[in-house]
Each structure stands twice: as C-alpha cells, then as structure tokens.
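K.L.:
This is the structure, below, for whatever I ask next.
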Amino acid sequence: MTPRTILILVCLAAVAAPLPAADTPPLFRDRVLMVLADDFMVTEFWGPYYALRAGGYTVDVASFAEGPVRTGNSDDNAATANLTLDNVDPRNYVGLVIPGGLSPQKLEQSPRALEICRAFMTADRVTAGICHGPRLLAQAGVLKGRVFTCLWQVADELPDLWASEAFGTFVDRPVVVDRNLVTSRWPPDIDPFSRATLQALSKHGGLALPAQTARVALVHADASRQTLWAFTYGLRALGHTVDTFRCGQLDKADKLTPDHYDLLVVLDGKDYDRYRKDDRFAAVVTAFRDAGTDAPRVAAVGEAYLLLGERKLQGQTVRQVEGDPASAVAAVAPLAAAVGREPEVTAPAPAPAALAVTPGFDDAVVAALAAALKQRGLDVLYVAPQAGWVRGVNGTAVLATATYADASVAPAAVVVAPGYFWAKRDSDAARKAWLLARYDAGATLVVFGFDSLLLGPDERFAGKRFSGSDPAGWFYGKTGGGPTDAPATQTDERVISGKDSDAVPAVLDLLDEQRPTPQAQPQARAPGVS
C-alpha cells in the first residue's frame, strides 16, 4: 500500500467518523450554523438568517455541496452554501438553525445531517427549528422527552414516530423554548422564532442582545425583497419597532418625525427618481439630520447615500452604509441600539392563583383546576423548581414562569399542589417550604394525591385529616391526623384536600364555599328595550 493510498484512506475515515459531541465551549461564540437543502421555505431561511446577521453573528450555511441551494420557485431567493455537511465541526458553533420547507425531509436522508443535530442537542447548544425543521430533529432521535412545536402536517407525515413519542410533547404556540431547543410552526411565526433564537443564543454563550431598543422608520423607493427582509426581519428580531414607508407617498406619513422615530433608514432601491423629486422626502431627512443630537439619526444604504449628497442632505448625523443586505443591516443594528431606549419593565401584579408543579405532576388535576380557576376569573401562575416547560406524568406540558425564589403571589391567593407520584425528592424541601410560607401569609392551599403527604405531617396540621392518595397513609406517622377516605375534605380553615382528578368537582365546591365566585353585574338596559 502506497503512502498516498494510506493518506486517502485516513481522510475518508475521518469524514465517515461520527461527529464529536461538541461538549466543550464553542470556539466561536459569534458563529451559527444553518443546514439547508433544495426546496427550502424562502422566508424561513432568510428571516432567521438576517436576524442572526443583524445580531452580529457570522452564519455558515451547510448543504450536500457548496454553491447554490434552490428554493424551487425563484432563483432570486436562492441561498449559497459555503461548506458541505461533511466539513461541519459542531464545536465551532454556538448554535444550529434548521429552516423548513422540503429541506429537512431531504436532509434527513443524510446520516451526517442527523449526526450534526445530535451533536448540538447532546452538548446543550442552541438548536432552533421552524416548520418542518423539528422533523429532522425527530429523525435524529433528540426530541423524545422535549417540549416543542412544528407544522401540523408533520404528524401525518411521520405517524409512527409521532405515536411513539419520538417527538416529545407538542404545544400549539408560535414559539416554544425548552431549555436549548427553540421551535416554531410556520412562516407567520418567523419574528417570534428569530427573536427567541437570539435570546436563547445570548443565554447559552452567544452574543448579548442590545440593552436599548429603537423605533425605526424605513423609507424606500422600490427596494428589493431581500433588502426589505434584511431590515424588517433583522431589526425586529433585536426588539426594535420597524415601520416601512414608500417614497412618493410620504405626504400621508404624519408620524414620520424625529419625535416619533429614533432612526431613519433610507434604503437602496430601483426608482431613484422618487428620492430626487419628492420634497416631502427631503424635509423628512432634514428633520432627522438636524434633530439636535450627535448620534447618527439617519442611515443611507448604498446609492441612496449618494442621492442624499445630490440633494445636499448629507451631514454629520447621516451615516453611509454599504454592502449586501446582510452586511448593511449588521451595520445599522448598532446605530439603532445607540439611539434607542431601555424597554420599560413593569412588575406584574401578584398572582391571585398559583399551581406549584414539579416534573411528573398529575396532568389531569392541573388541567381541571387551571381551567376552573380561570373560569372563576383568576389568572394562574405556574411555579416550579426552575422556570421553563414542565412535563406531567402523562406528558402534558405547562410553562412555569416563576420559581419558588421569585414567584409573586397575592397573600390571599389560591395555591394548588396538584399531586404526583412521590413527595420525597430533593426539590420537595424547597417546595414544601414555599407552600407553607404561602399558607402562613394567608393563602388557601388546595392539595391532591401524594401532596397531602407533603404537608400532612407538618405540625401546623397535627390532628387534621387529609384526602389524598390511599398509599400515603402508610407514611403519616403518629401526628394524630392522617388520611381519610373522603374524596375531598375541608382539612383546615384554609386547606382543602382531594384524592385525585375525580375529586376535582367536590374540591371546587368546597373552594366556592370559602371563596364565592364573583357574579357578573347585570348590564343596564337601553330605554325601551325589554
């Protein structure tokens, strides 16, 4: 065997070898990978792509071969792969994005594409898929036990995988974030999908999002679709408000002033005569240019900047921006952040009702109680050991937005412990302490199943009777209280207990005796109406 033959075999073995798990910090925290094949959904690629570029990321596009990746309907919107799937090293990237369309169905035929997905998910790197994108993740075997969303058609396309729970728990929401996993359903969800992807990247080792957000006005004279996508998708993903105005119709744009918008962006376009002839355009640019600040208030893209010079509209606060749409929006994004303002954050009102859930909670109790409490006009806060999606014992998922450390609950709230398999896990000490603290503050506790055992032996309830899971009776000890056979019990003045989901109606009756449901006020009748 010649040395050249040995070298070729070594290279082939390296290409065929499994990808590393990428379990070390990424080599480039500003680098994101997108995987793509022909017939991808146009906006599901370009929307996140421009959002990533606006956020400061370098984006590598990997496909079966380097070069054009076609959409199937227009070569004008084709993407370009700058590397092959075989040349991808997941350790180089902080995240992975999978656009939809027919692209994921083609990529799933590639063992290499599946290995890339496994490498990112195994290493808890941000992995984002929209539309059919989660289909590729399911084929890679990494969605089991996760909470996600996708295009509804995927369930019909892969019924066996869906039925086997290889897809985890489906939630019909515009965007679902489950730790490092970000998923969305279809093209109208691109804005929340891109925004959530940037937020997840920021939390998992990527670039920080701007602290300030701006109101941006885009003025264009027949700009290209790619240019408009770059600035609308890109800036909105960063949290900026973006409105678009066509030059030649600015006489109808009453709010196009520096008092209403923080930044004016004049886009490159095809109909430059509109910029030359529109006096209202000149007045708008002049107002932003002379708005009394040293920071740039006007950004002009490409030849639009030259046209501003032609009309003597350039100035110190007018910034020239050059390059393709992706480079241009990447240059404008910092200008928007510089003239923006910190978003107003208002603390939510203390919740009038809370459900204290933990992994493996009783799904049926939570579904019934949450619906009943909302019907009674009570907004429900889900509280868990960690914020995020929590799956019940049968797979139902709820989104916990608060933890025991930061939950804001009204003193006289209704607080539900819905029950689950066992009440002696490590996290239960904090959960029990939180529930008892709510009780001491004046809350009404509603407990089910084994959660009766969580509270029952406490000295506060010595001699009190609890409805709960029958086997829990073995573990009460000699407190003088313990379990009762009743499906629901008024255990204490502010404690109601129930056996299981069948007891929910009886529990609600007891709750209504304590806290009558507010009655709707009758509407006044109009004169002459009977």
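All residue names refer to the structure tokens as shown: chains lettered A, B, ... in order, residues numbered from 1 in each chain, ligands numbered from 1 in order.
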Tell me, counting only C-alpha atoms, for each residue of stretch 118-191 of chain A within 10 Å of stretch 199-206 of chain A, which pair of atoms is nearest and how far apart they are in Å to one decimal, in rows ordered by chain and increasing number, as JSON lines.

P.N.:
{"residue": "A:Asp124", "atom": "CA", "partner": "A:His204", "partner_atom": "CA", "distance": 8.5}
{"residue": "A:Arg125", "atom": "CA", "partner": "A:His204", "partner_atom": "CA", "distance": 7.1}
{"residue": "A:Val126", "atom": "CA", "partner": "A:Leu201", "partner_atom": "CA", "distance": 6.1}
{"residue": "A:Thr127", "atom": "CA", "partner": "A:Ala200", "partner_atom": "CA", "distance": 9.1}
{"residue": "A:Ala128", "atom": "CA", "partner": "A:Ala200", "partner_atom": "CA", "distance": 9.3}
{"residue": "A:Val177", "atom": "CA", "partner": "A:Ala200", "partner_atom": "CA", "distance": 8.2}
{"residue": "A:Asp178", "atom": "CA", "partner": "A:Ala200", "partner_atom": "CA", "distance": 9.8}
{"residue": "A:Arg179", "atom": "CA", "partner": "A:Ala200", "partner_atom": "CA", "distance": 8.1}
{"residue": "A:Asn180", "atom": "CA", "partner": "A:Ala200", "partner_atom": "CA", "distance": 6.7}
{"residue": "A:Leu181", "atom": "CA", "partner": "A:Ala200", "partner_atom": "CA", "distance": 8.3}
{"residue": "A:Val182", "atom": "CA", "partner": "A:Ala200", "partner_atom": "CA", "distance": 7.8}

K.L.:
Mind dumping the selected residues with N, CA and C atoms as a compact mmCIF listing (two decimals), in the first residue's frame?

P.N.:
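Wrote it out as part.txt, contents follow:
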# COMPACT_ATOMS: atom_id res chain seq x y z
N ASP A 124 -26.12 20.48 24.53
CA ASP A 124 -26.98 21.56 25.00
C ASP A 124 -26.66 22.88 24.32
N ARG A 125 -26.25 22.82 23.06
CA ARG A 125 -26.10 24.03 22.27
C ARG A 125 -27.47 24.43 21.73
N VAL A 126 -27.66 25.72 21.51
CA VAL A 126 -28.94 26.19 20.99
C VAL A 126 -29.23 25.51 19.66
N THR A 127 -30.42 24.92 19.57
CA THR A 127 -30.86 24.23 18.36
C THR A 127 -32.26 24.73 18.05
N ALA A 128 -32.43 25.37 16.89
CA ALA A 128 -33.69 26.01 16.54
C ALA A 128 -34.22 25.45 15.23
N VAL A 177 -39.88 27.44 23.69
CA VAL A 177 -38.49 27.36 24.12
C VAL A 177 -38.40 26.36 25.26
N ASP A 178 -37.69 25.29 25.03
CA ASP A 178 -37.46 24.27 26.05
C ASP A 178 -35.95 24.14 26.25
N ARG A 179 -35.45 24.91 27.23
CA ARG A 179 -34.01 25.00 27.50
C ARG A 179 -33.25 25.44 26.24
N ASN A 180 -32.45 24.58 25.63
CA ASN A 180 -31.67 24.98 24.47
C ASN A 180 -32.43 24.84 23.16
N LEU A 181 -33.65 24.30 23.21
CA LEU A 181 -34.42 23.99 22.00
C LEU A 181 -35.44 25.10 21.73
N VAL A 182 -35.42 25.64 20.50
CA VAL A 182 -36.36 26.67 20.07
C VAL A 182 -37.09 26.15 18.83

K.L.:
Determine which residues of stretch 232-279 of chain A receive a DSSP assignment of strand (DSSP E or B), computed from the backbone, and state them as a PyMOL selection string.

P.N.:
chain A and resi 241-246+263-266

K.L.:
I need the chosen residues saved as a PDB file, in the first residue's frame, with all heavy atoms.

P.N.:
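File result-v6.pdb, as written:
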ATOM      1  N   THR A 241     -38.828  48.317  16.946  1.00  0.00           N
ATOM      2  CA  THR A 241     -40.073  48.516  16.219  1.00  0.00           C
ATOM      3  C   THR A 241     -39.735  49.059  14.838  1.00  0.00           C
ATOM      4  O   THR A 241     -38.966  50.020  14.723  1.00  0.00           O
ATOM      5  CB  THR A 241     -40.988  49.500  16.963  1.00  0.00           C
ATOM      6  OG1 THR A 241     -41.269  48.973  18.265  1.00  0.00           O
ATOM      7  CG2 THR A 241     -42.284  49.709  16.212  1.00  0.00           C
ATOM      8  N   VAL A 242     -40.289  48.458  13.787  1.00  0.00           N
ATOM      9  CA  VAL A 242     -39.923  48.829  12.421  1.00  0.00           C
ATOM     10  C   VAL A 242     -41.192  49.125  11.622  1.00  0.00           C
ATOM     11  O   VAL A 242     -42.101  48.288  11.552  1.00  0.00           O
ATOM     12  CB  VAL A 242     -39.127  47.703  11.723  1.00  0.00           C
ATOM     13  CG1 VAL A 242     -38.729  48.124  10.310  1.00  0.00           C
ATOM     14  CG2 VAL A 242     -37.880  47.344  12.533  1.00  0.00           C
ATOM     15  N   ASP A 243     -41.244  50.307  11.012  1.00  0.00           N
ATOM     16  CA  ASP A 243     -42.323  50.676  10.105  1.00  0.00           C
ATOM     17  C   ASP A 243     -41.717  51.044   8.758  1.00  0.00           C
ATOM     18  O   ASP A 243     -40.621  51.630   8.690  1.00  0.00           O
ATOM     19  CB  ASP A 243     -43.130  51.859  10.652  1.00  0.00           C
ATOM     20  CG  ASP A 243     -43.925  51.483  11.891  1.00  0.00           C
ATOM     21  OD1 ASP A 243     -44.445  50.352  11.938  1.00  0.00           O
ATOM     22  OD2 ASP A 243     -44.002  52.305  12.823  1.00  0.00           O
ATOM     23  N   THR A 244     -42.428  50.716   7.685  1.00  0.00           N
ATOM     24  CA  THR A 244     -41.921  50.920   6.331  1.00  0.00           C
ATOM     25  C   THR A 244     -42.765  51.945   5.599  1.00  0.00           C
ATOM     26  O   THR A 244     -44.003  51.901   5.650  1.00  0.00           O
ATOM     27  CB  THR A 244     -41.928  49.589   5.557  1.00  0.00           C
ATOM     28  OG1 THR A 244     -41.184  48.620   6.281  1.00  0.00           O
ATOM     29  CG2 THR A 244     -41.309  49.757   4.181  1.00  0.00           C
ATOM     30  N   PHE A 245     -42.094  52.882   4.879  1.00  0.00           N
ATOM     31  CA  PHE A 245     -42.767  53.934   4.123  1.00  0.00           C
ATOM     32  C   PHE A 245     -42.189  53.965   2.707  1.00  0.00           C
ATOM     33  O   PHE A 245     -40.971  53.920   2.525  1.00  0.00           O
ATOM     34  CB  PHE A 245     -42.559  55.301   4.782  1.00  0.00           C
ATOM     35  CG  PHE A 245     -43.028  55.361   6.206  1.00  0.00           C
ATOM     36  CD1 PHE A 245     -42.158  55.034   7.250  1.00  0.00           C
ATOM     37  CD2 PHE A 245     -44.322  55.730   6.508  1.00  0.00           C
ATOM     38  CE1 PHE A 245     -42.588  55.096   8.569  1.00  0.00           C
ATOM     39  CE2 PHE A 245     -44.764  55.791   7.820  1.00  0.00           C
ATOM     40  CZ  PHE A 245     -43.895  55.467   8.850  1.00  0.00           C
ATOM     41  N   ARG A 246     -43.073  54.055   1.723  1.00  0.00           N
ATOM     42  CA  ARG A 246     -42.625  54.146   0.336  1.00  0.00           C
ATOM     43  C   ARG A 246     -42.471  55.618  -0.053  1.00  0.00           C
ATOM     44  O   ARG A 246     -43.388  56.430   0.140  1.00  0.00           O
ATOM     45  CB  ARG A 246     -43.620  53.459  -0.589  1.00  0.00           C
ATOM     46  CG  ARG A 246     -43.190  53.440  -2.059  1.00  0.00           C
ATOM     47  CD  ARG A 246     -44.244  52.781  -2.912  1.00  0.00           C
ATOM     48  NE  ARG A 246     -44.288  51.356  -2.689  1.00  0.00           N
ATOM     49  CZ  ARG A 246     -43.533  50.457  -3.321  1.00  0.00           C
ATOM     50  NH1 ARG A 246     -42.640  50.879  -4.215  1.00  0.00           N
ATOM     51  NH2 ARG A 246     -43.643  49.178  -3.058  1.00  0.00           N
ATOM     52  N   LEU A 263     -34.669  56.470  14.584  1.00  0.00           N
ATOM     53  CA  LEU A 263     -33.701  56.321  13.490  1.00  0.00           C
ATOM     54  C   LEU A 263     -34.453  56.248  12.169  1.00  0.00           C
ATOM     55  O   LEU A 263     -35.461  55.533  12.054  1.00  0.00           O
ATOM     56  CB  LEU A 263     -32.865  55.051  13.682  1.00  0.00           C
ATOM     57  CG  LEU A 263     -31.788  54.773  12.636  1.00  0.00           C
ATOM     58  CD1 LEU A 263     -30.661  55.810  12.735  1.00  0.00           C
ATOM     59  CD2 LEU A 263     -31.209  53.365  12.806  1.00  0.00           C
ATOM     60  N   LEU A 264     -33.954  56.975  11.165  1.00  0.00           N
ATOM     61  CA  LEU A 264     -34.481  56.920   9.804  1.00  0.00           C
ATOM     62  C   LEU A 264     -33.474  56.165   8.936  1.00  0.00           C
ATOM     63  O   LEU A 264     -32.294  56.528   8.895  1.00  0.00           O
ATOM     64  CB  LEU A 264     -34.695  58.334   9.252  1.00  0.00           C
ATOM     65  CG  LEU A 264     -35.118  58.433   7.785  1.00  0.00           C
ATOM     66  CD1 LEU A 264     -36.553  57.944   7.610  1.00  0.00           C
ATOM     67  CD2 LEU A 264     -34.972  59.869   7.272  1.00  0.00           C
ATOM     68  N   VAL A 265     -33.925  55.132   8.242  1.00  0.00           N
ATOM     69  CA  VAL A 265     -33.062  54.364   7.347  1.00  0.00           C
ATOM     70  C   VAL A 265     -33.587  54.527   5.925  1.00  0.00           C
ATOM     71  O   VAL A 265     -34.745  54.179   5.632  1.00  0.00           O
ATOM     72  CB  VAL A 265     -33.032  52.871   7.722  1.00  0.00           C
ATOM     73  CG1 VAL A 265     -32.109  52.104   6.784  1.00  0.00           C
ATOM     74  CG2 VAL A 265     -32.574  52.691   9.173  1.00  0.00           C
ATOM     75  N   VAL A 266     -32.758  55.083   5.057  1.00  0.00           N
ATOM     76  CA  VAL A 266     -33.114  55.259   3.648  1.00  0.00           C
ATOM     77  C   VAL A 266     -32.503  54.105   2.876  1.00  0.00           C
ATOM     78  O   VAL A 266     -31.277  53.964   2.818  1.00  0.00           O
ATOM     79  CB  VAL A 266     -32.606  56.608   3.112  1.00  0.00           C
ATOM     80  CG1 VAL A 266     -33.042  56.803   1.657  1.00  0.00           C
ATOM     81  CG2 VAL A 266     -33.107  57.753   3.982  1.00  0.00           C
TER      82      VAL A 266
END

K.L.:
As a PyMOL selection string, please: every residue in stretch 131-207 of chain A that DSSP puts in alpha helix (DSSP H).

P.N.:
chain A and resi 133-139+154-157+159-163+190-203

K.L.:
Please identify all polymer residues within 9 Å of stretch 113-121 of chain A, counting only C-alpha atoms, omitting same-chain residues fewer than 2 positions from it, and present them as number ranges by chain.

P.N.:
A: 18-23, 35, 63, 85-86, 88-91, 93-96, 107-111, 123-127, 136-137, 139-142, 180-181

K.L.:
With N, CA, C and O atoms retained, export the selected residues as a short mmCIF file (atom, residue, chain, number, x, y, z; two decimals), in the first residue's frame.

P.N.:
data_model
loop_
_atom_site.label_atom_id
_atom_site.label_comp_id
_atom_site.auth_asym_id
_atom_site.auth_seq_id
_atom_site.Cartn_x
_atom_site.Cartn_y
_atom_site.Cartn_z
N PRO A 18 -17.95 9.35 13.32
CA PRO A 18 -19.00 10.12 14.00
C PRO A 18 -18.49 11.49 14.42
O PRO A 18 -17.32 11.67 14.74
N LEU A 19 -19.38 12.45 14.41
CA LEU A 19 -19.00 13.80 14.81
C LEU A 19 -18.74 13.85 16.30
O LEU A 19 -19.37 13.14 17.08
N PRO A 20 -17.83 14.72 16.74
CA PRO A 20 -17.62 14.88 18.18
C PRO A 20 -18.87 15.44 18.83
O PRO A 20 -19.69 16.10 18.20
N ALA A 21 -19.02 15.20 20.11
CA ALA A 21 -20.23 15.62 20.83
C ALA A 21 -20.29 17.11 21.07
O ALA A 21 -21.30 17.62 21.54
N ALA A 22 -19.23 17.82 20.75
CA ALA A 22 -19.22 19.29 20.93
C ALA A 22 -19.50 19.68 22.37
O ALA A 22 -20.22 20.63 22.64
N ASP A 23 -18.91 18.92 23.33
CA ASP A 23 -19.21 19.15 24.74
C ASP A 23 -18.25 20.14 25.39
O ASP A 23 -18.18 20.24 26.60
N VAL A 35 -28.34 24.53 8.41
CA VAL A 35 -28.28 23.40 7.48
C VAL A 35 -29.45 23.53 6.51
O VAL A 35 -30.57 23.86 6.91
N SER A 63 -24.69 22.40 3.25
CA SER A 63 -25.60 21.59 2.45
C SER A 63 -24.83 20.39 1.92
O SER A 63 -23.69 20.13 2.32
N LEU A 85 -21.88 19.42 4.41
CA LEU A 85 -22.21 18.78 5.69
C LEU A 85 -21.01 18.01 6.23
O LEU A 85 -20.77 17.98 7.44
N ASP A 86 -20.26 17.38 5.33
CA ASP A 86 -19.11 16.59 5.77
C ASP A 86 -18.01 17.44 6.40
O ASP A 86 -17.20 16.94 7.17
N VAL A 88 -18.55 20.07 8.39
CA VAL A 88 -19.03 20.77 9.58
C VAL A 88 -18.39 20.20 10.84
O VAL A 88 -18.35 18.98 11.03
N ASP A 89 -17.88 21.07 11.68
CA ASP A 89 -17.42 20.69 13.01
C ASP A 89 -18.29 21.44 14.02
O ASP A 89 -18.14 22.66 14.21
N PRO A 90 -19.24 20.76 14.68
CA PRO A 90 -20.16 21.44 15.60
C PRO A 90 -19.45 22.21 16.71
O PRO A 90 -20.05 23.13 17.29
N ARG A 91 -18.23 21.84 17.03
CA ARG A 91 -17.53 22.53 18.11
C ARG A 91 -17.24 23.99 17.78
O ARG A 91 -16.91 24.78 18.67
N TYR A 93 -19.41 26.17 16.68
CA TYR A 93 -20.62 26.98 16.63
C TYR A 93 -21.32 27.06 17.99
O TYR A 93 -21.33 26.10 18.75
N VAL A 94 -21.97 28.20 18.20
CA VAL A 94 -22.75 28.38 19.42
C VAL A 94 -24.19 27.92 19.22
O VAL A 94 -24.92 27.73 20.18
N GLY A 95 -24.63 27.74 17.96
CA GLY A 95 -25.99 27.31 17.74
C GLY A 95 -26.21 26.77 16.34
O GLY A 95 -25.39 26.94 15.43
N LEU A 96 -27.36 26.10 16.17
CA LEU A 96 -27.78 25.50 14.91
C LEU A 96 -29.20 25.95 14.60
O LEU A 96 -30.07 25.93 15.48
N LEU A 107 -32.67 16.52 4.04
CA LEU A 107 -31.50 16.40 4.91
C LEU A 107 -31.54 15.14 5.76
O LEU A 107 -30.50 14.57 6.10
N GLU A 108 -32.75 14.67 6.12
CA GLU A 108 -32.83 13.51 6.99
C GLU A 108 -32.35 12.23 6.31
O GLU A 108 -32.15 11.21 6.97
N GLN A 109 -32.15 12.29 4.99
CA GLN A 109 -31.58 11.14 4.28
C GLN A 109 -30.06 11.08 4.46
O GLN A 109 -29.43 10.09 4.07
N SER A 110 -29.49 12.12 5.04
CA SER A 110 -28.05 12.19 5.24
C SER A 110 -27.68 11.83 6.68
O SER A 110 -28.04 12.56 7.61
N PRO A 111 -26.96 10.72 6.88
CA PRO A 111 -26.51 10.40 8.25
C PRO A 111 -25.70 11.53 8.87
O PRO A 111 -25.75 11.75 10.08
N ALA A 123 -24.81 18.39 23.36
CA ALA A 123 -23.98 19.37 24.06
C ALA A 123 -24.79 20.54 24.62
O ALA A 123 -24.21 21.48 25.14
N ASP A 124 -26.12 20.48 24.53
CA ASP A 124 -26.98 21.56 25.00
C ASP A 124 -26.66 22.88 24.32
O ASP A 124 -26.79 23.96 24.92
N ARG A 125 -26.25 22.82 23.06
CA ARG A 125 -26.10 24.03 22.27
C ARG A 125 -27.47 24.43 21.73
O ARG A 125 -28.33 23.58 21.48
N VAL A 126 -27.66 25.72 21.51
CA VAL A 126 -28.94 26.19 20.99
C VAL A 126 -29.23 25.51 19.66
O VAL A 126 -28.41 25.52 18.75
N THR A 127 -30.42 24.92 19.57
CA THR A 127 -30.86 24.23 18.36
C THR A 127 -32.26 24.73 18.05
O THR A 127 -33.17 24.58 18.86
N LEU A 136 -36.55 16.96 11.24
CA LEU A 136 -35.17 16.48 11.17
C LEU A 136 -34.65 16.12 12.55
O LEU A 136 -33.95 15.11 12.72
N LEU A 137 -35.01 16.90 13.56
CA LEU A 137 -34.56 16.60 14.92
C LEU A 137 -35.19 15.30 15.43
O LEU A 137 -34.54 14.52 16.14
N GLN A 139 -36.11 12.74 13.56
CA GLN A 139 -35.43 11.64 12.87
C GLN A 139 -34.04 11.39 13.46
O GLN A 139 -33.53 10.27 13.41
N ALA A 140 -33.45 12.45 14.06
CA ALA A 140 -32.16 12.29 14.71
C ALA A 140 -32.29 11.69 16.11
O ALA A 140 -31.29 11.39 16.76
N GLY A 141 -33.54 11.55 16.60
CA GLY A 141 -33.77 10.92 17.89
C GLY A 141 -33.51 11.82 19.08
O GLY A 141 -33.21 11.32 20.17
N VAL A 142 -33.65 13.15 18.91
CA VAL A 142 -33.27 14.05 20.00
C VAL A 142 -34.46 14.83 20.57
O VAL A 142 -34.28 15.70 21.41
N ASN A 180 -32.45 24.58 25.63
CA ASN A 180 -31.67 24.98 24.47
C ASN A 180 -32.43 24.84 23.16
O ASN A 180 -31.93 25.21 22.09
N LEU A 181 -33.65 24.30 23.21
CA LEU A 181 -34.42 23.99 22.00
C LEU A 181 -35.44 25.10 21.73
O LEU A 181 -36.25 25.44 22.59
#

K.L.:
For A:Thr169, work out the shell of residues within 10 Å, counting only C-alpha atoms and skipping chain neighbours fewer than 5 positions away, then give it as a ChimeraX atom specification.

P.N.:
/A:143-149,162,391,394-397

K.L.:
Any idea what's packed within 12 Å of A:Pro411, counting only C-alpha atoms, ignoring anything in its chain fewer than 4 positions away? Could you give it as a PyMOL selection string?

P.N.:
chain A and resi 349-354+407+415+435+437-445

K.L.:
List the spatial neighbours of A:Arg225 as a count of residues only - criterion: any atom at most 12 Å away, only C-alpha atoms, same-chain residues fewer than 5 positions off excluded.

P.N.:
16

K.L.:
For A:Glu342, which of A:Phe40, A:Val495, A:Thr122, A:Ala211 is the closest residue, counting only C-alpha atoms?

P.N.:
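Going through A:Phe40, A:Val495, A:Thr122, A:Ala211 one by one, the smallest distance to A:Glu342 is for A:Ala211.
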
K.L.:
Calculated over only C-alpha atoms, which of the candidates A:Ala208, A:Leu198, A:Ala326, A:Leu308 has the smallest distance to A:Leu228?

P.N.:
A:Ala326

K.L.:
Which residues are near stretch 284-286 of chain A? Cut-off 9 Å, only C-alpha atoms, ignore same chain within fewer than 4 positions. Put them as a ChimeraX atom specification.

P.N.:
/A:250,256-258,264,266,279-280,290-291,298,308,313-314

K.L.:
Between atom CA of A:Ala299 and atom CA of A:Val332, what is the spacing in Å?

P.N.:
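Result for atom CA of A:Val332 versus atom CA of A:Ala299: 7.1 Å, one decimal.
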
K.L.:
Record the distance separating atom CA of A:Tyr275 and atom CA of A:Lys312, expressed in Å with one decimal.

P.N.:
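For atom CA of A:Tyr275 relative to atom CA of A:Lys312, the distance reads 12.1 Å.
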
K.L.:
So, with only C-alpha atoms as the atoms that count, which of A:Val329, A:Asp259, A:Pro296, A:Arg465 lies closest to A:Leu218?

P.N.:
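Using only C-alpha atoms, the shortest distance to A:Leu218 belongs to A:Val329.
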
K.L.:
What gap, in Å, lies between atom CA of A:Pro343 and atom CA of A:Asp191?

P.N.:
18.1 Å
